[in-house]
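Structure first, commentary second.
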Amino acid sequence: ALAAALQPLLADPALGEARTASVVDVATGTVLYEARPREAMTPASTVKIATAAAALAALGPEHRIATTVVPGPDAGKIVLVGGGDPSLNARKKHPAGPGGSLVALAADTAQALKAAGTPSVTLGFDDSLYTGPVRHPIGRNTNIAPVTALMADEGRTDDSWSGPVDRTDTPSEDAAATFATLLRERGIEVAGAPARTKAPAGARPLAATHSTPVGGLVERMLTTSDNDIAEALARQTALAAGQPASFEGAEKAVTAKLASLGVDVSGARFADGSGLNRADKVSAGLLTGLLAKAADPARPELRPVLTGLPVAGFSGTLRTRNAGTSPAAGLLRAKTGTLSGVNSLAGTVVDPSGRLIAFAFLSAEGPSPEAAEKALDKLAAAVATTAANKA
């Protein structure tokens, strides 16, 4: 039944010259439909499913990333140390929920300094946890900030918290300058401008603030397709594996962690965590394999991979897709993927009997991104209605 429904839809010229598919019953692992499921293609943002699974497997959903302030190498000096928290913000109230707060960190630091009788300091900042190029290979882009271990509000130059916007070229310096201002507002004199400084090894923190738990970061990343969180999670996976926190180190760590989950990573490449890099290669079968792993009762730590997926017609990047009277509205959860000439969709759908079906459709070289999205939405809706008919 699925083959009869999906084959003509997969043949739609709107999907371009290359298209692959995988549809799996999650509970049983039964392949319900496939078309070249092991062929690796550029996945665009659907690679975030892989980034999410690797980070959750490496760190666990409750892990929090710390941003700390430690005594500096000289008397009267303190150092703001970045831990790579992508939720770190400098706002009094953050619309995306709890995360690391420079405001709270400044308050706690000022209190500790006053208690120690230190009303005046010089401030350094340490963003050395990450290595390698800070610029994504696509270069300056409104979809991603420079990837550093110290950054507030994703380096955004306005009050937004998601979507494309101009980013600062100096996120670490800007975060440190903001922190200095916050300290001054709380009665601590900060001499001069903050300077890049290596924090003393083993220094005990004066104060700390912690990120949203990794499970929450994964959900936000998937719902809004947040590239900054994706790159941060890839680097945290690298750190957990003892790899350098760079694009190359993250690629090695993510590949190894996914292989350890028992999914087939042959032909796959994770050149970045966000999917902005066209060198990424993922198969439809790998994506459905990861979605099935995330639903496995034996893998509860992976569940945010599913709960973070946008809901068709309701949330995130699927809010306007398969909406309204579509039979998939409210039943379909999926990660979108879009680059010039690349369109993909991977996620899950529940049929009326309660069965969970995982699917992945990858396409390339289509003539129109809008037409390709509509064709992908038809495929996903067909999975929902055909599974329902079969039930």
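Lettering and numbering for the structure tokens are positional, with chains as A, B, ... in the shown order, residues counted from 1 in each chain, and ligands counted from 1 in the shown order.
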Can you list, as an NGL selection string, every residue of segment 115-276 of chain A that DSSP puts in alpha helix (DSSP H)? :A and (115 or 171-185 or 214-224 or 227-240 or 247-260)
Surrounding residues of Lys257 of chain A excluding itself and chain neighbours under 4 positions, 10 Å, only C-alpha atoms, as a VMD selection string: chain A and resid 50 to 51 53 to 58 237 to 238 241 252 to 253 261 to 263
Near Leu150 of chain A, within 8 Å and counting only C-alpha atoms, which residues show up once chain neighbours fewer than 6 positions away are dropped, as a list in words? Val81, Gly82, Gly83, Gly84, Asp85, Asp126, Asp127, Pro171, Ser172 and Ala175 of chain A
Writer output for current selection, all heavy atoms, as a PDB file, in the first residue's frame:
ATOM      1  N   VAL A  81      35.354  32.477  32.018  1.00  0.00           N
ATOM      2  CA  VAL A  81      35.750  31.285  31.265  1.00  0.00           C
ATOM      3  C   VAL A  81      34.544  30.699  30.541  1.00  0.00           C
ATOM      4  O   VAL A  81      33.568  30.274  31.159  1.00  0.00           O
ATOM      5  CB  VAL A  81      36.366  30.224  32.207  1.00  0.00           C
ATOM      6  CG1 VAL A  81      36.858  29.022  31.386  1.00  0.00           C
ATOM      7  CG2 VAL A  81      37.513  30.823  33.014  1.00  0.00           C
ATOM      8  N   GLY A  82      34.616  30.665  29.222  1.00  0.00           N
ATOM      9  CA  GLY A  82      33.543  30.095  28.414  1.00  0.00           C
ATOM     10  C   GLY A  82      33.602  28.588  28.376  1.00  0.00           C
ATOM     11  O   GLY A  82      34.666  28.009  28.141  1.00  0.00           O
ATOM     12  N   GLY A  83      32.451  27.952  28.584  1.00  0.00           N
ATOM     13  CA  GLY A  83      32.369  26.499  28.502  1.00  0.00           C
ATOM     14  C   GLY A  83      31.661  26.012  27.263  1.00  0.00           C
ATOM     15  O   GLY A  83      31.487  24.815  27.064  1.00  0.00           O
ATOM     16  N   GLY A  84      31.221  26.976  26.414  1.00  0.00           N
ATOM     17  CA  GLY A  84      30.536  26.602  25.182  1.00  0.00           C
ATOM     18  C   GLY A  84      29.031  26.552  25.312  1.00  0.00           C
ATOM     19  O   GLY A  84      28.355  25.907  24.505  1.00  0.00           O
ATOM     20  N   ASP A  85      28.476  27.250  26.314  1.00  0.00           N
ATOM     21  CA  ASP A  85      27.025  27.259  26.520  1.00  0.00           C
ATOM     22  C   ASP A  85      26.329  28.077  25.428  1.00  0.00           C
ATOM     23  O   ASP A  85      26.447  29.298  25.392  1.00  0.00           O
ATOM     24  CB  ASP A  85      26.714  27.853  27.897  1.00  0.00           C
ATOM     25  CG  ASP A  85      25.217  28.037  28.144  1.00  0.00           C
ATOM     26  OD1 ASP A  85      24.413  27.522  27.347  1.00  0.00           O
ATOM     27  OD2 ASP A  85      24.867  28.696  29.148  1.00  0.00           O
ATOM     28  N   ASP A 126      38.480  33.875  28.780  1.00  0.00           N
ATOM     29  CA  ASP A 126      39.133  32.679  28.247  1.00  0.00           C
ATOM     30  C   ASP A 126      38.129  31.896  27.406  1.00  0.00           C
ATOM     31  O   ASP A 126      37.161  31.338  27.923  1.00  0.00           O
ATOM     32  CB  ASP A 126      39.636  31.822  29.408  1.00  0.00           C
ATOM     33  CG  ASP A 126      40.467  30.624  28.948  1.00  0.00           C
ATOM     34  OD1 ASP A 126      40.410  30.279  27.753  1.00  0.00           O
ATOM     35  OD2 ASP A 126      41.147  30.011  29.800  1.00  0.00           O
ATOM     36  N   ASP A 127      38.358  31.880  26.089  1.00  0.00           N
ATOM     37  CA  ASP A 127      37.497  31.116  25.177  1.00  0.00           C
ATOM     38  C   ASP A 127      38.285  30.016  24.485  1.00  0.00           C
ATOM     39  O   ASP A 127      37.953  29.595  23.379  1.00  0.00           O
ATOM     40  CB  ASP A 127      36.845  32.041  24.146  1.00  0.00           C
ATOM     41  CG  ASP A 127      37.866  32.760  23.264  1.00  0.00           C
ATOM     42  OD1 ASP A 127      39.087  32.628  23.522  1.00  0.00           O
ATOM     43  OD2 ASP A 127      37.453  33.460  22.323  1.00  0.00           O
ATOM     44  N   PRO A 171      32.198  37.620  19.150  1.00  0.00           N
ATOM     45  CA  PRO A 171      31.283  37.237  20.230  1.00  0.00           C
ATOM     46  C   PRO A 171      31.943  37.113  21.596  1.00  0.00           C
ATOM     47  O   PRO A 171      31.338  37.481  22.607  1.00  0.00           O
ATOM     48  CB  PRO A 171      30.714  35.901  19.758  1.00  0.00           C
ATOM     49  CG  PRO A 171      31.667  35.402  18.725  1.00  0.00           C
ATOM     50  CD  PRO A 171      32.260  36.598  18.091  1.00  0.00           C
ATOM     51  N   SER A 172      33.170  36.591  21.650  1.00  0.00           N
ATOM     52  CA  SER A 172      33.830  36.443  22.948  1.00  0.00           C
ATOM     53  C   SER A 172      34.122  37.794  23.576  1.00  0.00           C
ATOM     54  O   SER A 172      33.848  38.029  24.762  1.00  0.00           O
ATOM     55  CB  SER A 172      35.141  35.655  22.783  1.00  0.00           C
ATOM     56  OG  SER A 172      34.904  34.353  22.307  1.00  0.00           O
ATOM     57  N   ALA A 175      30.864  39.448  24.752  1.00  0.00           N
ATOM     58  CA  ALA A 175      30.329  38.868  25.982  1.00  0.00           C
ATOM     59  C   ALA A 175      31.114  39.351  27.194  1.00  0.00           C
ATOM     60  O   ALA A 175      30.529  39.679  28.246  1.00  0.00           O
ATOM     61  CB  ALA A 175      30.365  37.344  25.908  1.00  0.00           C
TER      62      ALA A 175
END
Neighbour list for Leu379 of chain A as JSON, numbers by chain, cut-off 9 Å, only C-alpha atoms, skip fewer than 4 positions in-chain: {"A": [5, 6, 9, 10, 361, 374, 375, 383, 384]}
Based on the selection just made, write all heavy atoms of those residues as an mmCIF file, in the first residue's frame.
data_model
loop_
_atom_site.group_PDB
_atom_site.id
_atom_site.type_symbol
_atom_site.label_atom_id
_atom_site.label_comp_id
_atom_site.auth_asym_id
_atom_site.auth_seq_id
_atom_site.Cartn_x
_atom_site.Cartn_y
_atom_site.Cartn_z
ATOM 1 N N ALA A 5 1.328 4.278 -2.917
ATOM 2 C CA ALA A 5 1.067 5.679 -2.603
ATOM 3 C C ALA A 5 2.294 6.560 -2.795
ATOM 4 O O ALA A 5 2.195 7.693 -3.272
ATOM 5 C CB ALA A 5 0.570 5.798 -1.164
ATOM 6 N N LEU A 6 3.478 6.016 -2.433
ATOM 7 C CA LEU A 6 4.675 6.852 -2.402
ATOM 8 C C LEU A 6 5.432 6.907 -3.720
ATOM 9 O O LEU A 6 6.051 7.930 -4.037
ATOM 10 C CB LEU A 6 5.623 6.364 -1.300
ATOM 11 C CG LEU A 6 5.109 6.486 0.140
ATOM 12 C CD1 LEU A 6 6.157 5.977 1.121
ATOM 13 C CD2 LEU A 6 4.731 7.923 0.463
ATOM 14 N N LEU A 9 4.527 9.810 -5.961
ATOM 15 C CA LEU A 9 4.881 11.079 -5.314
ATOM 16 C C LEU A 9 6.381 11.293 -5.304
ATOM 17 O O LEU A 9 6.870 12.419 -5.465
ATOM 18 C CB LEU A 9 4.339 11.097 -3.877
ATOM 19 C CG LEU A 9 2.818 11.070 -3.730
ATOM 20 C CD1 LEU A 9 2.434 10.971 -2.258
ATOM 21 C CD2 LEU A 9 2.192 12.318 -4.362
ATOM 22 N N LEU A 10 7.149 10.205 -5.134
ATOM 23 C CA LEU A 10 8.604 10.312 -5.131
ATOM 24 C C LEU A 10 9.132 10.612 -6.531
ATOM 25 O O LEU A 10 10.240 11.141 -6.684
ATOM 26 C CB LEU A 10 9.214 9.013 -4.601
ATOM 27 C CG LEU A 10 10.675 9.071 -4.144
ATOM 28 C CD1 LEU A 10 10.838 10.005 -2.952
ATOM 29 C CD2 LEU A 10 11.189 7.677 -3.788
ATOM 30 N N PHE A 361 12.999 11.497 3.732
ATOM 31 C CA PHE A 361 13.019 11.746 2.292
ATOM 32 C C PHE A 361 14.095 12.799 2.010
ATOM 33 O O PHE A 361 14.051 13.896 2.576
ATOM 34 C CB PHE A 361 11.659 12.246 1.806
ATOM 35 C CG PHE A 361 10.519 11.314 2.093
ATOM 36 C CD1 PHE A 361 9.553 11.636 3.037
ATOM 37 C CD2 PHE A 361 10.412 10.100 1.428
ATOM 38 C CE1 PHE A 361 8.500 10.784 3.313
ATOM 39 C CE2 PHE A 361 9.358 9.227 1.697
ATOM 40 C CZ PHE A 361 8.405 9.570 2.640
ATOM 41 N N LYS A 374 6.636 21.286 -1.027
ATOM 42 C CA LYS A 374 5.274 20.782 -1.186
ATOM 43 C C LYS A 374 5.280 19.296 -1.536
ATOM 44 O O LYS A 374 4.438 18.529 -1.046
ATOM 45 C CB LYS A 374 4.547 21.580 -2.261
ATOM 46 C CG LYS A 374 4.220 23.013 -1.843
ATOM 47 C CD LYS A 374 3.501 23.764 -2.948
ATOM 48 C CE LYS A 374 3.185 25.200 -2.522
ATOM 49 N NZ LYS A 374 2.510 25.960 -3.604
ATOM 50 N N ALA A 375 6.222 18.886 -2.377
ATOM 51 C CA ALA A 375 6.312 17.474 -2.751
ATOM 52 C C ALA A 375 6.691 16.617 -1.546
ATOM 53 O O ALA A 375 6.150 15.524 -1.355
ATOM 54 C CB ALA A 375 7.331 17.300 -3.874
ATOM 55 N N VAL A 383 2.340 9.005 4.033
ATOM 56 C CA VAL A 383 2.737 8.015 5.045
ATOM 57 C C VAL A 383 1.683 7.963 6.145
ATOM 58 O O VAL A 383 1.290 6.883 6.606
ATOM 59 C CB VAL A 383 4.114 8.363 5.641
ATOM 60 C CG1 VAL A 383 4.445 7.412 6.789
ATOM 61 C CG2 VAL A 383 5.211 8.267 4.575
ATOM 62 N N ALA A 384 1.214 9.122 6.569
ATOM 63 C CA ALA A 384 0.206 9.175 7.626
ATOM 64 C C ALA A 384 -1.105 8.510 7.199
ATOM 65 O O ALA A 384 -1.665 7.683 7.924
ATOM 66 C CB ALA A 384 -0.056 10.636 8.024
#
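With atom CA of Ala201 of chain A on one side and atom CA of Ala240 of chain A on the other, the separation reads 18.7 Å.
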Within 10 Å of Ala382 of chain A, counting only C-alpha atoms, which residues show up once you throw out same-chain ones fewer than 4 positions away? Write them as a ChimeraX atom specification, please. /A:2,5-6,9,327-328,376-378,386-388
Among listed residues A:Ala75, A:Asp351, A:Gly337, A:Thr288, nearest Ala21 of chain A (using only C-alpha atoms): A:Thr288
Using only C-alpha atoms, which residues sit within 9 Å of Leu183 of chain A once same-chain residues fewer than 3 positions away are excluded, as a PyMOL selection string? chain A and resi 103+106-107+109-110+178-180+186-190
For Gln243 of chain A, which of A:Leu345, A:Val305, A:Leu222, A:Ala256 is the closest residue, counting only C-alpha atoms?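 Among the listed residues, the smallest separation from Gln243 of chain A belongs to A:Ala256.
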Please provide as a PyMOL selection string all residues within 6 Å of segment 366-372 of chain A, with the sequence filter that same-chain residues fewer than 6 positions apart are discarded (counting only C-alpha atoms). chain A and resi 14-16+341
What parts of segment 55-130 of chain A does DSSP call strand (DSSP E)? I'd like the answer as a list in words. Ala66, Thr67, Thr68, Val69, Val70, Pro71, Lys77, Ile78, Val79, Leu80, Val81, Ser120, Val121, Thr122, Leu123, Gly124, Phe125 and Asp126 of chain A
Would you mind exporting N, CA, C and O atoms of the selected residues as a PDB file, in the first residue's frame?
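Contents of the output file out_31.pdb:
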ATOM      1  N   ALA A  66      28.776  24.685  31.911  1.00  0.00           N
ATOM      2  CA  ALA A  66      29.060  25.765  32.856  1.00  0.00           C
ATOM      3  C   ALA A  66      29.838  26.904  32.206  1.00  0.00           C
ATOM      4  O   ALA A  66      30.729  26.684  31.382  1.00  0.00           O
ATOM      5  N   THR A  67      29.479  28.128  32.582  1.00  0.00           N
ATOM      6  CA  THR A  67      30.282  29.322  32.329  1.00  0.00           C
ATOM      7  C   THR A  67      30.715  29.822  33.707  1.00  0.00           C
ATOM      8  O   THR A  67      29.869  29.994  34.591  1.00  0.00           O
ATOM      9  N   THR A  68      31.997  30.030  33.906  1.00  0.00           N
ATOM     10  CA  THR A  68      32.505  30.317  35.244  1.00  0.00           C
ATOM     11  C   THR A  68      33.330  31.598  35.281  1.00  0.00           C
ATOM     12  O   THR A  68      33.775  32.110  34.243  1.00  0.00           O
ATOM     13  N   VAL A  69      33.527  32.088  36.488  1.00  0.00           N
ATOM     14  CA  VAL A  69      34.478  33.163  36.757  1.00  0.00           C
ATOM     15  C   VAL A  69      35.470  32.622  37.776  1.00  0.00           C
ATOM     16  O   VAL A  69      35.066  32.110  38.832  1.00  0.00           O
ATOM     17  N   VAL A  70      36.754  32.721  37.447  1.00  0.00           N
ATOM     18  CA  VAL A  70      37.794  32.192  38.342  1.00  0.00           C
ATOM     19  C   VAL A  70      38.802  33.290  38.660  1.00  0.00           C
ATOM     20  O   VAL A  70      38.925  34.274  37.922  1.00  0.00           O
ATOM     21  N   PRO A  71      39.557  33.138  39.762  1.00  0.00           N
ATOM     22  CA  PRO A  71      40.644  34.079  40.031  1.00  0.00           C
ATOM     23  C   PRO A  71      41.672  34.027  38.905  1.00  0.00           C
ATOM     24  O   PRO A  71      41.975  32.953  38.366  1.00  0.00           O
ATOM     25  N   LYS A  77      42.854  40.133  39.649  1.00  0.00           N
ATOM     26  CA  LYS A  77      42.387  39.818  38.294  1.00  0.00           C
ATOM     27  C   LYS A  77      41.432  38.640  38.350  1.00  0.00           C
ATOM     28  O   LYS A  77      41.655  37.681  39.094  1.00  0.00           O
ATOM     29  N   ILE A  78      40.358  38.705  37.586  1.00  0.00           N
ATOM     30  CA  ILE A  78      39.431  37.586  37.442  1.00  0.00           C
ATOM     31  C   ILE A  78      39.293  37.257  35.962  1.00  0.00           C
ATOM     32  O   ILE A  78      39.554  38.103  35.094  1.00  0.00           O
ATOM     33  N   VAL A  79      38.880  36.008  35.682  1.00  0.00           N
ATOM     34  CA  VAL A  79      38.765  35.547  34.298  1.00  0.00           C
ATOM     35  C   VAL A  79      37.388  34.938  34.074  1.00  0.00           C
ATOM     36  O   VAL A  79      36.957  34.048  34.825  1.00  0.00           O
ATOM     37  N   LEU A  80      36.698  35.410  33.055  1.00  0.00           N
ATOM     38  CA  LEU A  80      35.424  34.842  32.605  1.00  0.00           C
ATOM     39  C   LEU A  80      35.755  33.699  31.649  1.00  0.00           C
ATOM     40  O   LEU A  80      36.372  33.913  30.606  1.00  0.00           O
ATOM     41  N   VAL A  81      35.354  32.477  32.018  1.00  0.00           N
ATOM     42  CA  VAL A  81      35.750  31.285  31.265  1.00  0.00           C
ATOM     43  C   VAL A  81      34.544  30.699  30.541  1.00  0.00           C
ATOM     44  O   VAL A  81      33.568  30.274  31.159  1.00  0.00           O
ATOM     45  N   SER A 120      37.684  46.196  43.370  1.00  0.00           N
ATOM     46  CA  SER A 120      38.225  46.606  42.067  1.00  0.00           C
ATOM     47  C   SER A 120      39.001  45.455  41.441  1.00  0.00           C
ATOM     48  O   SER A 120      39.792  44.787  42.123  1.00  0.00           O
ATOM     49  N   VAL A 121      38.754  45.207  40.158  1.00  0.00           N
ATOM     50  CA  VAL A 121      39.416  44.090  39.467  1.00  0.00           C
ATOM     51  C   VAL A 121      39.775  44.488  38.040  1.00  0.00           C
ATOM     52  O   VAL A 121      39.266  45.472  37.501  1.00  0.00           O
ATOM     53  N   THR A 122      40.643  43.706  37.450  1.00  0.00           N
ATOM     54  CA  THR A 122      40.803  43.702  35.997  1.00  0.00           C
ATOM     55  C   THR A 122      40.184  42.394  35.507  1.00  0.00           C
ATOM     56  O   THR A 122      40.225  41.367  36.204  1.00  0.00           O
ATOM     57  N   LEU A 123      39.594  42.438  34.326  1.00  0.00           N
ATOM     58  CA  LEU A 123      38.844  41.286  33.814  1.00  0.00           C
ATOM     59  C   LEU A 123      39.500  40.715  32.569  1.00  0.00           C
ATOM     60  O   LEU A 123      39.788  41.438  31.608  1.00  0.00           O
ATOM     61  N   GLY A 124      39.718  39.426  32.587  1.00  0.00           N
ATOM     62  CA  GLY A 124      40.142  38.703  31.397  1.00  0.00           C
ATOM     63  C   GLY A 124      39.054  37.746  30.964  1.00  0.00           C
ATOM     64  O   GLY A 124      38.101  37.491  31.704  1.00  0.00           O
ATOM     65  N   PHE A 125      39.177  37.217  29.763  1.00  0.00           N
ATOM     66  CA  PHE A 125      38.224  36.197  29.306  1.00  0.00           C
ATOM     67  C   PHE A 125      38.973  35.082  28.598  1.00  0.00           C
ATOM     68  O   PHE A 125      39.982  35.315  27.934  1.00  0.00           O
ATOM     69  N   ASP A 126      38.480  33.875  28.780  1.00  0.00           N
ATOM     70  CA  ASP A 126      39.133  32.679  28.247  1.00  0.00           C
ATOM     71  C   ASP A 126      38.129  31.896  27.406  1.00  0.00           C
ATOM     72  O   ASP A 126      37.161  31.338  27.923  1.00  0.00           O
TER      73      ASP A 126
END
